[in-house]
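Structure file input21.txt (compact mmCIF, C-alpha atoms) is printed below.
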```
# COMPACT_ATOMS: atom_id res chain seq x y z
CA MET A 1 63.34 111.20 -29.33
CA THR A 2 62.56 109.95 -25.86
CA ARG A 3 61.78 106.34 -25.17
CA PRO A 4 58.70 105.51 -23.13
CA ARG A 5 59.41 103.97 -19.77
CA ALA A 6 57.63 101.04 -18.33
CA ARG A 7 57.84 99.38 -14.97
CA VAL A 8 57.11 95.70 -14.69
CA ARG A 9 56.40 93.95 -11.44
CA PHE A 10 56.43 90.16 -11.50
CA ASN A 11 54.74 88.56 -8.53
CA GLY A 12 56.34 85.16 -9.02
CA ASP A 13 55.35 83.68 -5.67
CA GLN A 14 51.73 84.69 -6.19
CA VAL A 15 51.70 83.27 -9.73
CA LEU A 16 53.24 80.00 -8.57
CA GLY A 17 50.79 79.77 -5.68
CA ARG A 18 47.78 80.28 -7.92
CA THR A 19 49.15 77.82 -10.48
CA ARG A 20 49.58 75.20 -7.77
CA GLU A 21 46.05 75.79 -6.43
CA GLY A 22 44.64 75.41 -9.93
CA ALA A 23 46.66 72.26 -10.52
CA LEU A 24 45.42 70.71 -7.27
CA ARG A 25 41.82 71.56 -8.10
CA GLY A 26 42.32 70.20 -11.62
CA LEU A 27 43.85 66.97 -10.32
CA LEU A 28 40.88 66.39 -8.03
CA LEU A 29 38.37 67.08 -10.83
CA ALA A 30 40.31 64.85 -13.24
CA ALA A 31 40.38 62.03 -10.69
CA GLU A 32 36.63 62.40 -10.13
CA HIS A 33 36.14 62.29 -13.91
CA LEU A 34 38.12 59.04 -14.09
CA LEU A 35 36.21 57.58 -11.13
CA ALA A 36 32.90 58.27 -12.87
CA ALA A 37 34.14 56.69 -16.10
CA SER A 38 35.43 53.62 -14.31
CA ARG A 39 32.25 53.18 -12.27
CA ALA A 40 30.38 52.74 -15.55
CA GLU A 41 32.52 49.64 -16.25
CA VAL A 42 33.21 48.18 -12.80
CA PRO A 43 31.69 44.69 -12.39
CA ILE A 44 28.61 44.69 -10.19
CA ASP A 45 27.45 41.82 -8.02
CA GLU A 46 26.19 43.55 -4.92
CA GLY A 47 27.67 46.99 -5.69
CA THR A 48 30.26 46.87 -2.92
CA LEU A 49 33.19 47.21 -5.30
CA GLU A 50 31.62 50.16 -7.11
CA ARG A 51 30.82 51.95 -3.84
CA SER A 52 34.40 51.48 -2.61
CA GLY A 53 35.78 53.73 -5.37
CA ALA A 54 37.43 56.90 -4.11
CA THR A 55 39.72 59.72 -5.21
CA SER A 56 42.63 61.29 -3.41
CA VAL A 57 45.18 64.02 -4.10
CA ASP A 58 48.68 64.23 -2.66
CA ASP A 59 49.16 67.98 -2.26
CA ALA A 60 52.89 67.77 -1.65
CA ASN A 61 53.66 65.85 -4.84
CA LEU A 62 50.80 67.03 -7.09
CA VAL A 63 49.59 63.47 -7.68
CA ALA A 64 46.00 62.23 -7.84
CA ALA A 65 44.78 58.67 -7.43
CA VAL A 66 41.62 56.68 -8.02
CA SER A 67 41.30 53.52 -5.98
CA TYR A 68 38.86 50.76 -5.17
CA ASP A 69 39.13 49.50 -1.61
CA THR A 70 37.93 45.93 -1.31
CA PRO A 71 40.04 42.83 -0.67
CA TYR A 72 39.14 41.52 -4.14
CA ALA A 73 39.39 44.72 -6.22
CA ARG A 74 42.78 43.88 -7.71
CA ARG A 75 41.76 40.32 -8.58
CA VAL A 76 38.55 41.47 -10.29
CA HIS A 77 40.45 44.18 -12.18
CA GLU A 78 43.10 41.79 -13.49
CA ASP A 79 41.06 38.61 -14.19
CA LEU A 80 40.39 38.71 -17.92
CA THR A 81 38.72 35.29 -17.85
CA ALA A 82 35.88 36.21 -15.48
CA ARG A 83 32.38 36.76 -16.84
CA HIS A 84 30.59 39.99 -16.03
CA SER A 85 27.27 41.65 -16.81
CA PRO A 86 27.02 43.41 -20.18
CA GLY A 87 29.07 46.62 -20.19
CA ARG A 88 31.00 45.54 -17.09
CA LYS A 89 34.49 44.12 -17.34
CA ALA A 90 37.98 43.57 -16.01
CA LYS A 91 40.40 46.49 -16.47
CA PHE A 92 37.56 48.76 -15.34
CA LEU A 93 40.06 51.38 -14.15
CA GLU A 94 42.98 50.93 -16.52
CA ASP A 95 40.98 51.15 -19.76
CA PRO A 96 39.12 54.37 -18.83
CA ALA A 97 42.42 55.88 -17.62
CA HIS A 98 43.92 55.40 -21.08
CA ARG A 99 40.76 56.45 -22.89
CA GLU A 100 40.17 59.57 -20.77
CA ALA A 101 43.81 60.75 -20.49
CA ALA A 102 43.37 63.66 -22.90
CA ALA A 103 40.14 64.79 -21.25
CA MET A 104 41.77 64.67 -17.82
CA GLY A 105 44.70 66.71 -19.11
CA GLU A 106 42.27 69.32 -20.42
CA ILE A 107 40.44 69.41 -17.07
CA ILE A 108 43.70 70.12 -15.26
CA ALA A 109 44.82 72.72 -17.82
CA ALA A 110 41.47 74.51 -17.61
CA GLN A 111 41.75 74.80 -13.83
CA VAL A 112 45.29 76.16 -14.06
CA ARG A 113 44.17 78.74 -16.63
CA ARG A 114 41.18 79.69 -14.46
CA SER A 115 43.41 80.13 -11.40
CA LEU A 116 45.63 82.59 -13.27
CA ARG A 117 42.75 84.78 -14.40
CA GLY A 118 41.57 85.83 -10.96
```

The structure in this file should be written as structure tokens.
Amino acid sequence: MTRPRARVRFNGDQVLGRTREGALRGLLLAAEHLLAASRAEVPIDEGTLERSGATSVDDANLVAAVSYDTPYARRVHEDLTARHSPGRKAKFLEDPAHREAAAMGEIIAAQVRRSLRG
């Protein structure tokens, strides 16, 4: 009885490259998802704080960030005693980050899977 032969070629560098591209795309989409969720809770006076929200991705370290760039963003985020309009509150970034963690993980995973299909 003869055994069938098979030849397997593993393109590791290509697989790793595609995985990294998918992860970067997923990180950006996850950060944008978090930014949208946090904008729904950010306190609004004139809208400057809300408009200052931005996302960034560090390609080298596979890290994404959501930030608000006003001199008072940190103070507004941390001041639990301040009054805000209904639906707006302190911890406008931290709370959505905890609440949306699973969804953001799924966004990243979906992009990695998609990158490996093509």

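Those residues that approach Ser52 in chain A to within 9 Å, counting all atoms listed in the file, are Gly47, Thr48, Ser67, Tyr68, Asp69 and Thr70 of chain A; same-chain residues fewer than 4 positions away are not listed.
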
For this session: Write out as a ChimeraX atom specification the residues lying within 10 Å of Asp59 in chain A, counting only C-alpha atoms and excluding same-chain residues fewer than 5 positions away.
Result: /A:20-21,23-24,27,64

For this session: Pick out the residues sitting within 7 Å of Pro96 in chain A, and hand them over as a ChimeraX atom specification; count only C-alpha atoms, and ignore anything fewer than 5 positions along from it in its own chain.
Result: /A:34,37-38

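Candidate residues A:Pro43, A:Ala54, A:Glu100, A:Val66 were compared for distance to Asp79 in chain A, and the nearest is A:Pro43, using all atoms listed in the file.
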
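Minimum atom-to-atom distances from A:Ala103, A:Ala73, A:Leu116, A:Ala109 to Leu49 in chain A were compared using all atoms listed in the file, and the lowest value belongs to A:Ala73.
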
For this session: Extract, using all atoms listed in the file, all DNA, RNA and protein residues at most 10 Å from Arg114 in chain A, discarding same-chain residues fewer than 2 positions from it, and format them as a PyMOL selection string.
Result: chain A and resi 18-19+22+26+108-112+116-118

For this session: Measure the distance from CA of Met104 in chain A to CA of Ser85 in chain A in Å and round it to one decimal.
Result: 27.2 Å

For this session: Provide the CA of Phe10 in chain A to CA of Glu106 in chain A distance in Å, to one decimal place.
Result: 26.7 Å

For this session: Go ahead and compute the interatomic distance for CA of Val42 in chain A and CA of His77 in chain A, in Å to one decimal.
Result: 8.3 Å

Exercise. Between A:Ala6, A:Ile107, A:Leu35, A:Met1, which is the closest to Asp95 in chain A once you count only C-alpha atoms?
Worked result: A:Leu35

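Take the candidates A:Glu94, A:Asp13, A:Gly87, A:Ala102 and check each one against Ala30 in chain A using only C-alpha atoms; the shortest distance goes to A:Ala102.
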
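In this comparison, which uses all atoms listed in the file, the residue of A:Arg74, A:Lys89, A:His84, A:Arg113 approaching Val15 in chain A most closely is A:Arg113.
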
If we count only C-alpha atoms and set the cut-off at 8 Å, which residues sit around Arg39 in chain A, ignoring sequence neighbours fewer than 6 positions away in its own chain? Please answer as a compact mmCIF listing (two decimals) with C-alpha atoms, in the coordinates of the input.
```txt
# COMPACT_ATOMS: atom_id res chain seq x y z
CA GLU A 50 31.62 50.16 -7.11
CA GLY A 53 35.78 53.73 -5.37
CA PHE A 92 37.56 48.76 -15.34
```

Seminar exercise, completed: Using all atoms listed in the file, the shortest atom-to-atom distance to Val76 in chain A among A:Lys91, A:Leu29, A:Val63, A:Leu16 belongs to A:Lys91
